[in-house]
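The block underneath contains the structure these notes are about, expressed in structure tokens.
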Amino acid sequence: MIMFPTGLLSLALWLTLTGSTLAVVQSESPPVKYPLKVGVVGSPPFSSYTNQTFKGISVELWQELAANTNLKYQFIAQPGVKTGINRVTSGELDVLIGPISITAARFKRVTFTQPYFKAQIGLLVSGESPSVWNRIKPLFQVAVISSVGGLFVILFIVGNLIWIAESRRNEEQFPKSYFRGVGNGIWFALVTLTTVGYGDKAPVTKTGKAVTSIWMLITMVAASSLTAGIATVMTLLLSQDHTEQFTQLQDLQGKQIAVVTGTTGAEWAKNYQARLLESPNLEGAIERLKSGKAKGVMFDVPALKYYLYQHPDAAFRIANLSISLEDYGFVLPLNSQLVREINLALIQLKESGRVEEIIEREIQGVSQE
Ligand code: GLU
């Protein structure tokens with residue numbers, strides 16, 4: 001048998017005892033006090049607080065869930081997700097509800113319920129649909145104008161050359177009078193250029209034929225590059241991409257992007273090295289876009305779509321960028337005794353189709369993707 005010196009033995013005993021006491025303290029959370037303090041955070045259509053009333057998908061979902069489980073609670077409006085989560089960790093709040101994205105960083109500090117919604121993070125940009133002028137503007141670019149101008153100059157030169165070569169021996173087709181003669185020369189050059197070749201005018205002199213031959217060879221190349229040029233311009237005209245600022249995530253780098261403080265949208269904008277313009281709420285962020293200070297607002301797509309739906313005249317649209325797909329859940333303290341009960345009630349609501357119903361009713365008409 002191994003003999004421990006008594007001092008060592010009592011130390012080991014003490015360590016074991018204190019260790020287990022600590023473990024008990026850690027796994028035990030303070031008893032839940034009713035009514036529960038339920039923080040409400042986020043933007044419509046998930047949550048809103050106006051005229052002393054709480055509304056939105058998250059609010060309704062909680063109300064139904066609490067009714068089904070006989071939970072007594074009181075709502076307390078919260079200024080932002082970050083503050084709300086901090087108040088859950090400090091014990092000021094028992095629950096935080098709203099469109100709260102489940103992220104690893106948050107998961108380390110709090111418990112999340114089962115997810116009840118999936119949302120994209122997107123970028124709201126000013127999107128005045130291009131005016132007629134904006135669409136045909138490419139036609140008036142220097143390059144286009146100068147090549148059309150260049151074409152006229154060349155036609156004029158060739159017209160003159162043909163006239164010089166032909167007017168003496170072929171007066172019928174290319175009269176001696178300068179204007180009529182050169183006019184016919186230009187017409188002949190144009191008919192040849194377009195490969196229409198009416199044959200109403202044709203050179204008879206050697207020089208005339210030589211000029212025409214060279215012109216025919218040149219126009220073969222010129223006509224095909226002209227066609228290619230027109231095709232390019234038309235492609236530009238028909239696509240809106242020439243006005244699109246954000247076609248890929250790298251385009252965000254260094255751009256002024258409005259975000260709501262403490263949201264996942266702000267995190268993503270930071271990740272893509274945008275220059276953040278922070279606001280306490282979505283309205284504030286959208287103001288920044290309106291005033292032109294920001295190039296976009298990075299936020300949850302359902303809330304952005306809801307804003308567009310409520311402001312049909314707003315000249316904004318959601319850029320075609322895929323940033324992240326996030327799950328929404330409610331927040332409880334770590335080791336909360338309510339997790340199982342709330343999760344069970346939430347899953348029951350999901351299974352019965354109630355969650356879907358609430359969502360559909362609240363965002364009726366707002367297109368969902
Ligand atoms: N889903 C966002 C987040 O958790 C918040 C959205 C909102 O505030 O409406 O950061």
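Residue names in the structure tokens use chain letters A, B, ... in the order shown, residue numbers from 1 in each chain, and ligand numbers from 1 in the order shown.
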
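Using only C-alpha atoms and all ligand atoms, we find that the residues with an atom at most 7 Å from any atom of ligand 1 are Val41, Gly42, Ser43, Pro44, Gly80, Val81, Pro99, Ile100, Ser101, Gly262, Thr263, Thr264, Gly265, Phe299, Asp300, Ala303 and Tyr328 of chain A.
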
Name the residues of segment 244-364 of chain A that come out as strand (DSSP E or B) in a backbone DSSP run; write them as a list in words. Gln256, Ile257, Ala258, Val259, Val260, Arg275, Leu276, Leu277, Glu278, Ser279, Gly296, Val297, Met298, Phe299, Asp300, Phe316, Arg317, Ile318, Ser324, Leu325, Glu326, Asp327, Tyr328, Gly329, Phe330, Val331, Leu332 and Pro333 of chain A

Non-local contacts of Lys293 of chain A (12 Å; only C-alpha atoms; under 6 positions in same chain excluded) as a ChimeraX atom specification: /A:125-126,255-258,275-278,284-287

Which residues are near Lys33 of chain A? Cut-off 12 Å, only C-alpha atoms, ignore same chain within fewer than 5 positions. Put them as JSON, numbers by chain. {"A": [38, 71, 72, 73, 74, 91, 92, 93, 94, 95, 336, 337, 338]}

Shell around segment 308-322 of chain A at 7 Å using only C-alpha atoms, local window under 2 positions removed, as a PyMOL selection string: chain A and resi 122-128+246-249+304-306+324+366

Write out as a ChimeraX atom specification the residues lying within 8 Å of segment 54-59 of chain A, counting only C-alpha atoms and excluding same-chain residues fewer than 6 positions away. /A:40,44-48,75,97-99,358-359,362

Using the selection just defined, write its residues with N, CA, C and O atoms as a CSV table (one decimal), in the first residue's frame.
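Final file, again-v7.csv:
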```
chain,number,residue,atom,x,y,z
A,40,VAL,N,-35.3,43.2,-27.0
A,40,VAL,CA,-35.7,43.1,-28.4
A,40,VAL,C,-34.7,44.0,-29.2
A,40,VAL,O,-34.5,45.1,-28.9
A,44,PRO,N,-37.0,46.0,-38.8
A,44,PRO,CA,-38.2,45.4,-39.5
A,44,PRO,C,-37.7,44.6,-40.7
A,44,PRO,O,-36.7,45.0,-41.2
A,45,PRO,N,-38.3,43.6,-41.1
A,45,PRO,CA,-39.6,43.1,-40.6
A,45,PRO,C,-39.5,42.1,-39.4
A,45,PRO,O,-40.5,41.5,-39.0
A,46,PHE,N,-38.3,42.0,-38.8
A,46,PHE,CA,-38.2,41.1,-37.7
A,46,PHE,C,-38.5,41.7,-36.4
A,46,PHE,O,-39.1,41.0,-35.5
A,47,SER,N,-38.1,42.9,-36.2
A,47,SER,CA,-38.5,43.6,-34.9
A,47,SER,C,-38.5,45.1,-35.1
A,47,SER,O,-37.8,45.7,-35.9
A,48,SER,N,-39.5,45.7,-34.4
A,48,SER,CA,-39.6,47.1,-34.4
A,48,SER,C,-40.2,47.6,-33.1
A,48,SER,O,-41.0,46.8,-32.5
A,75,PHE,N,-40.8,42.8,-22.3
A,75,PHE,CA,-39.9,43.2,-23.4
A,75,PHE,C,-39.1,44.5,-23.0
A,75,PHE,O,-39.7,45.4,-22.4
A,97,ILE,N,-34.1,38.7,-28.2
A,97,ILE,CA,-34.7,38.2,-29.5
A,97,ILE,C,-34.5,39.2,-30.6
A,97,ILE,O,-34.3,40.4,-30.3
A,98,GLY,N,-34.7,38.7,-31.8
A,98,GLY,CA,-34.5,39.6,-33.0
A,98,GLY,C,-33.9,38.8,-34.1
A,98,GLY,O,-33.6,37.6,-33.9
A,99,PRO,N,-33.5,39.5,-35.2
A,99,PRO,CA,-32.9,38.8,-36.3
A,99,PRO,C,-31.4,38.7,-36.0
A,99,PRO,O,-30.5,39.3,-36.6
A,358,ILE,N,-46.1,32.9,-39.8
A,358,ILE,CA,-45.8,34.3,-39.3
A,358,ILE,C,-44.9,35.0,-40.2
A,358,ILE,O,-45.2,36.2,-40.5
A,359,ILE,N,-43.9,34.3,-40.8
A,359,ILE,CA,-43.0,35.0,-41.7
A,359,ILE,C,-43.7,35.5,-42.9
A,359,ILE,O,-43.6,36.6,-43.4
A,362,GLU,N,-46.0,38.5,-42.3
A,362,GLU,CA,-45.2,39.7,-42.0
A,362,GLU,C,-44.6,40.3,-43.3
A,362,GLU,O,-44.4,41.5,-43.4
```

For Gly183 of chain A, work out the shell of residues within 12 Å, counting only C-alpha atoms and skipping chain neighbours fewer than 5 positions away, then give it as a PyMOL selection string. chain A and resi 155-163+167+173-178+188-190+201

For atom CA of Ile363 of chain A and atom CA of Phe107 of chain A, the interatomic separation in Å (one decimal):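 Rounded to one decimal, the two atoms are 28.2 Å apart.
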
What does the distance from atom CA of Thr89 of chain A to atom CA of Met298 of chain A come to in Å, to one decimal?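 Atom-to-atom, atom CA of Thr89 of chain A to atom CA of Met298 of chain A, that is 26.6 Å.
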